[in-house]
file query.cif (mmCIF, C-alpha atoms)
data_structure
#
loop_
_atom_site.label_atom_id
_atom_site.label_comp_id
_atom_site.auth_asym_id
_atom_site.auth_seq_id
_atom_site.Cartn_x
_atom_site.Cartn_y
_atom_site.Cartn_z
CA MET A 1 70.28 -48.56 -66.43
CA ILE A 2 68.99 -45.24 -67.74
CA ARG A 3 66.92 -44.69 -64.57
CA ARG A 4 69.99 -45.35 -62.36
CA ARG A 5 72.09 -42.95 -64.45
CA MET A 6 69.42 -40.24 -64.07
CA VAL A 7 69.44 -40.68 -60.29
CA LEU A 8 73.22 -40.48 -60.15
CA GLN A 9 73.21 -37.36 -62.34
CA ALA A 10 70.64 -35.76 -60.02
CA ALA A 11 72.86 -36.64 -57.05
CA ALA A 12 75.82 -34.99 -58.75
CA ILE A 13 73.81 -31.81 -59.30
CA VAL A 14 72.90 -31.60 -55.63
CA ALA A 15 76.40 -32.55 -54.48
CA ALA A 16 77.76 -29.65 -56.52
CA ALA A 17 75.19 -27.20 -55.12
CA PRO A 18 73.40 -28.49 -52.00
CA GLY A 19 69.73 -27.58 -51.98
CA ALA A 20 69.76 -26.71 -55.69
CA ALA A 21 67.88 -28.58 -58.39
CA LEU A 22 66.08 -31.00 -56.08
CA SER A 23 63.09 -30.69 -58.38
CA GLN A 24 65.23 -32.20 -61.16
CA ALA A 25 65.66 -35.41 -59.19
CA PRO A 26 63.34 -38.16 -60.40
CA ASN A 27 60.50 -39.03 -57.99
CA GLY A 28 61.92 -40.15 -54.62
CA ALA A 29 65.60 -39.58 -55.44
CA GLY A 30 65.44 -36.18 -53.76
CA MET A 31 64.89 -37.73 -50.33
CA PRO A 32 68.38 -39.22 -49.87
CA MET A 33 69.81 -35.94 -51.14
CA ARG A 34 67.78 -33.96 -48.59
CA PHE A 35 68.79 -36.47 -45.89
CA ALA A 36 72.50 -35.98 -46.68
CA ALA A 37 72.16 -32.21 -47.10
CA ALA A 38 70.35 -31.72 -43.76
CA LEU A 39 72.99 -33.71 -41.88
CA SER A 40 75.87 -32.01 -43.71
CA ALA A 41 74.35 -28.62 -42.85
CA HIS A 42 73.87 -29.80 -39.24
CA ASP A 43 70.23 -28.76 -39.51
CA ILE A 44 68.56 -31.18 -37.14
CA ASP A 45 65.16 -29.50 -37.57
CA ALA A 46 65.28 -29.98 -41.35
CA PHE A 47 66.43 -33.55 -40.73
CA ALA A 48 63.52 -34.24 -38.35
CA ALA A 49 61.07 -32.82 -40.91
CA LEU A 50 62.05 -35.56 -43.37
CA PHE A 51 60.31 -38.21 -41.25
CA ALA A 52 56.59 -38.90 -40.97
CA ASP A 53 55.21 -38.68 -37.45
CA ASP A 54 54.24 -42.37 -37.66
CA TYR A 55 57.66 -43.37 -39.04
CA VAL A 56 58.65 -47.01 -38.55
CA ASN A 57 62.31 -47.99 -38.22
CA HIS A 58 62.82 -51.67 -39.05
CA GLN A 59 66.54 -51.47 -38.23
CA MET A 60 67.22 -52.38 -34.62
CA SER A 61 70.93 -52.61 -33.88
CA ALA A 62 73.78 -50.70 -32.27
CA ALA A 63 73.46 -48.36 -35.25
CA ALA A 64 69.77 -47.86 -34.56
CA PRO A 65 68.82 -48.92 -31.05
CA PRO A 66 65.16 -49.31 -30.14
CA PRO A 67 63.56 -46.11 -28.87
CA PRO A 68 63.62 -45.55 -25.13
CA ALA A 69 60.30 -46.05 -23.31
CA GLY A 70 57.85 -43.34 -24.30
CA ALA A 71 59.86 -42.11 -27.33
CA SER A 72 58.66 -42.61 -30.87
CA PRO A 73 60.90 -44.12 -33.54
CA LYS A 74 61.10 -40.67 -35.15
CA VAL A 75 62.29 -39.03 -31.92
CA ALA A 76 64.82 -41.83 -31.34
CA THR A 77 66.20 -41.55 -34.89
CA VAL A 78 66.56 -37.78 -34.65
CA ALA A 79 68.28 -38.14 -31.24
CA PHE A 80 70.66 -40.75 -32.65
CA PHE A 81 71.73 -38.44 -35.48
CA ALA A 82 71.92 -35.41 -33.16
CA ALA A 83 74.42 -37.41 -31.07
CA ARG A 84 76.35 -38.23 -34.24
CA LEU A 85 76.55 -34.51 -35.06
CA LYS A 86 77.85 -33.76 -31.54
CA GLY A 87 80.49 -36.48 -31.79
CA LEU A 88 81.51 -35.44 -35.31
CA PRO A 89 80.86 -31.67 -35.44
CA ASP A 90 82.35 -31.35 -38.93
CA LEU A 91 80.30 -34.26 -40.30
CA LYS A 92 79.68 -34.32 -44.05
CA VAL A 93 77.39 -36.88 -45.68
CA SER A 94 77.52 -37.85 -49.32
CA ILE A 95 75.84 -40.43 -51.51
CA GLU A 96 77.81 -43.09 -53.38
CA THR A 97 74.84 -44.41 -55.32
CA MET A 98 71.09 -44.70 -55.11
CA LEU A 99 68.21 -46.52 -56.75
CA GLU A 100 64.49 -46.02 -56.66
CA GLN A 101 61.45 -48.10 -57.42
CA ASP A 102 57.84 -47.13 -56.84
CA ASP A 103 57.61 -45.59 -53.34
CA ARG A 104 61.05 -46.80 -52.21
CA VAL A 105 64.49 -45.34 -52.61
CA ALA A 106 67.77 -46.94 -51.54
CA ALA A 107 71.05 -45.14 -51.00
CA SER A 108 74.59 -45.87 -49.95
CA PHE A 109 75.68 -42.99 -47.70
CA VAL A 110 79.25 -42.03 -46.76
CA TYR A 111 79.80 -40.22 -43.45
CA GLU A 112 83.06 -38.34 -42.86
CA GLY A 113 84.07 -36.25 -39.88
CA THR A 114 86.54 -35.68 -37.09
CA HIS A 115 85.86 -37.31 -33.72
CA GLN A 116 85.73 -34.19 -31.52
CA GLY A 117 82.96 -35.14 -29.08
CA GLN A 118 81.73 -38.17 -27.16
CA TYR A 119 80.64 -40.79 -29.68
CA PHE A 120 79.49 -44.35 -28.94
CA GLY A 121 80.83 -43.87 -25.43
CA VAL A 122 84.34 -43.01 -26.65
CA ALA A 123 85.94 -39.72 -25.57
CA PRO A 124 87.19 -37.47 -28.40
CA THR A 125 90.25 -38.86 -30.18
CA GLY A 126 90.71 -36.27 -32.92
CA ARG A 127 90.69 -39.11 -35.46
CA ARG A 128 89.19 -38.60 -38.88
CA LEU A 129 86.38 -41.15 -39.40
CA ARG A 130 84.87 -42.44 -42.61
CA PHE A 131 82.05 -44.99 -42.58
CA THR A 132 79.05 -46.01 -44.62
CA SER A 133 75.46 -47.09 -44.37
CA CYS A 134 73.03 -48.61 -46.84
CA ASP A 135 69.47 -47.49 -46.31
CA ILE A 136 66.09 -48.13 -47.89
CA PHE A 137 63.31 -45.60 -47.35
CA ARG A 138 59.63 -46.05 -48.11
CA LEU A 139 58.18 -42.65 -48.85
CA ALA A 140 54.63 -41.48 -48.20
CA GLY A 141 53.34 -37.94 -48.40
CA GLY A 142 56.81 -36.66 -49.24
CA ARG A 143 58.35 -38.02 -46.02
CA ILE A 144 60.20 -41.10 -44.86
CA ALA A 145 57.51 -43.47 -43.62
CA GLU A 146 59.65 -46.59 -43.12
CA HIS A 147 63.35 -47.41 -42.99
CA TRP A 148 65.44 -50.55 -43.39
CA GLY A 149 69.20 -50.31 -43.26
CA MET A 150 72.64 -51.38 -42.18
CA GLY A 151 75.34 -49.16 -40.74
CA ASP A 152 79.02 -49.99 -40.35
CA ILE A 153 79.22 -49.76 -36.56
CA ALA A 154 82.09 -52.27 -36.42
CA GLY A 155 84.07 -50.00 -38.77
CA VAL A 156 83.24 -46.93 -36.68
CA LEU A 157 84.35 -48.61 -33.44
CA ALA A 158 87.55 -49.91 -35.04
CA GLN A 159 88.41 -46.39 -36.17
CA LEU A 160 87.55 -44.88 -32.79
CA LYS A 161 89.69 -47.37 -30.91
CA GLY A 162 92.30 -47.54 -33.73
#

call {"tool": "encode", "arguments": {"input": "query.cif", "output": "C-alpha cells"}}
result
Amino acid sequence: MIRRRMVLQAAAIVAAAPGAALSQAPNGAGMPMRFAAALSAHDIDAFAALFADDYVNHQMSAAAPPPPAGASPKVATVAFFAARLKGLPDLKVSIETMLEQDDRVAASFVYEGTHQGQYFGVAPTGRRLRFTSCDIFRLAGGRIAEHWGMGDIAGVLAQLKG
C-alpha cells in the first residue's frame, strides 16, 4: 500500500509539472510518466526513444496491429501513436494509477482529445474523445523492452461514430 501511494504521489508531481521531479519517482514509475508526457507534448522523437530497439509488443489487436512486413515492433508502435496524434492533435495523456514490481510497471492511461484528423478510418467529426488503456511494461536499460496491454478500441469507435 505504501509503495502504491508513493507511485501515485510521484505521478501527481509530474502531472503538476511535466518533466519535473522524474528522479523522485520510485524505480520504474518514471516510465509511464515519460510515456504520457511525450505524447501530451506531441514529441514523437522523445516517445520513440522510450522503446528499446529490440522491443517486443505482445499486444496484437486493432489497438496494436502487427507490424507491416519489414517494420520492427518499435517502428509500428511509434507509427500507431503518430497516427493517433494526427487524428487527435490536441491529445493529452494522463495516468489514473500505476503499480510497479521488479522490472515491470503497469499503468492505466487516459487519452483525451478532439477528433480533428483521420482516425481509425473515420473522417474528422470534431467530437471530444476520452478513452483508456491498461499497459504493462517490462523495462531494461531504462527503456521499454516488452509491452502487454489492452486499449478501449470499442469505446473509441463508439465515440467516433456516436

call {"tool": "residues_around", "arguments": {"input": "query.cif", "residues": "Phe131 in chain A", "least_positions_apart": "4", "cutoff": "8 Å", "atoms": "only C-alpha atoms", "output": "JSON, numbers by chain"}}
result
{"A": [110, 111, 112, 152, 155, 156]}

call {"tool": "atom_distance", "arguments": {"input": "query.cif", "atom1": "CA of Pro65 in chain A", "atom2": "CA of Arg104 in chain A"}}
result
22.6 Å

call {"tool": "resolve_selection", "arguments": {"input": "query.cif", "expression": "the PyMOL selection byres ((chain A and resi 39) around 9)", "output": "compact mmCIF listing (two decimals) with C-alpha atoms, in the coordinates of the input"}}
result
# COMPACT_ATOMS: atom_id res chain seq x y z
CA ARG A 34 67.78 -33.96 -48.59
CA PHE A 35 68.79 -36.47 -45.89
CA ALA A 36 72.50 -35.98 -46.68
CA ALA A 37 72.16 -32.21 -47.10
CA ALA A 38 70.35 -31.72 -43.76
CA SER A 40 75.87 -32.01 -43.71
CA ALA A 41 74.35 -28.62 -42.85
CA HIS A 42 73.87 -29.80 -39.24
CA ASP A 43 70.23 -28.76 -39.51
CA ILE A 44 68.56 -31.18 -37.14
CA ALA A 46 65.28 -29.98 -41.35
CA PHE A 47 66.43 -33.55 -40.73
CA PHE A 81 71.73 -38.44 -35.48
CA ALA A 82 71.92 -35.41 -33.16
CA LEU A 85 76.55 -34.51 -35.06
CA LEU A 91 80.30 -34.26 -40.30
CA LYS A 92 79.68 -34.32 -44.05
CA VAL A 93 77.39 -36.88 -45.68

call {"tool": "resolve_selection", "arguments": {"input": "query.cif", "expression": "the PyMOL selection byres ((chain A and resi 158) around 12)", "output": "VMD selection string"}}
result
chain A and resid 120 122 127 129 to 131 152 to 157 159 to 162

call {"tool": "atom_distance", "arguments": {"input": "query.cif", "atom1": "CA of Pro89 in chain A", "atom2": "CA of Thr125 in chain A"}}
result
12.9 Å

call {"tool": "closest_residue", "arguments": {"input": "query.cif", "among": "A:Ile136, A:Ala52, A:Ile144, A:Leu88", "to": "Ala106 in chain A", "atoms": "all atoms listed in the file"}}
result
A:Ile136

call {"tool": "resolve_selection", "arguments": {"input": "query.cif", "expression": "the PyMOL selection byres ((chain A and resi 105) around 7)", "output": "PyMOL selection string"}}
result
chain A and resi 28-29+99-101+103-104+106-107+136-138

call {"tool": "atom_distance", "arguments": {"input": "query.cif", "atom1": "CA of Gly30 in chain A", "atom2": "CA of Val78 in chain A"}}
result
19.2 Å

call {"tool": "residues_near_point", "arguments": {"input": "query.cif", "point": "(71.3, -47.0, -33.1)", "cutoff": "10 Å", "atoms": "only C-alpha atoms", "output": "PyMOL selection string"}}
result
chain A and resi 59-67+76-77+79-81+120+151+153
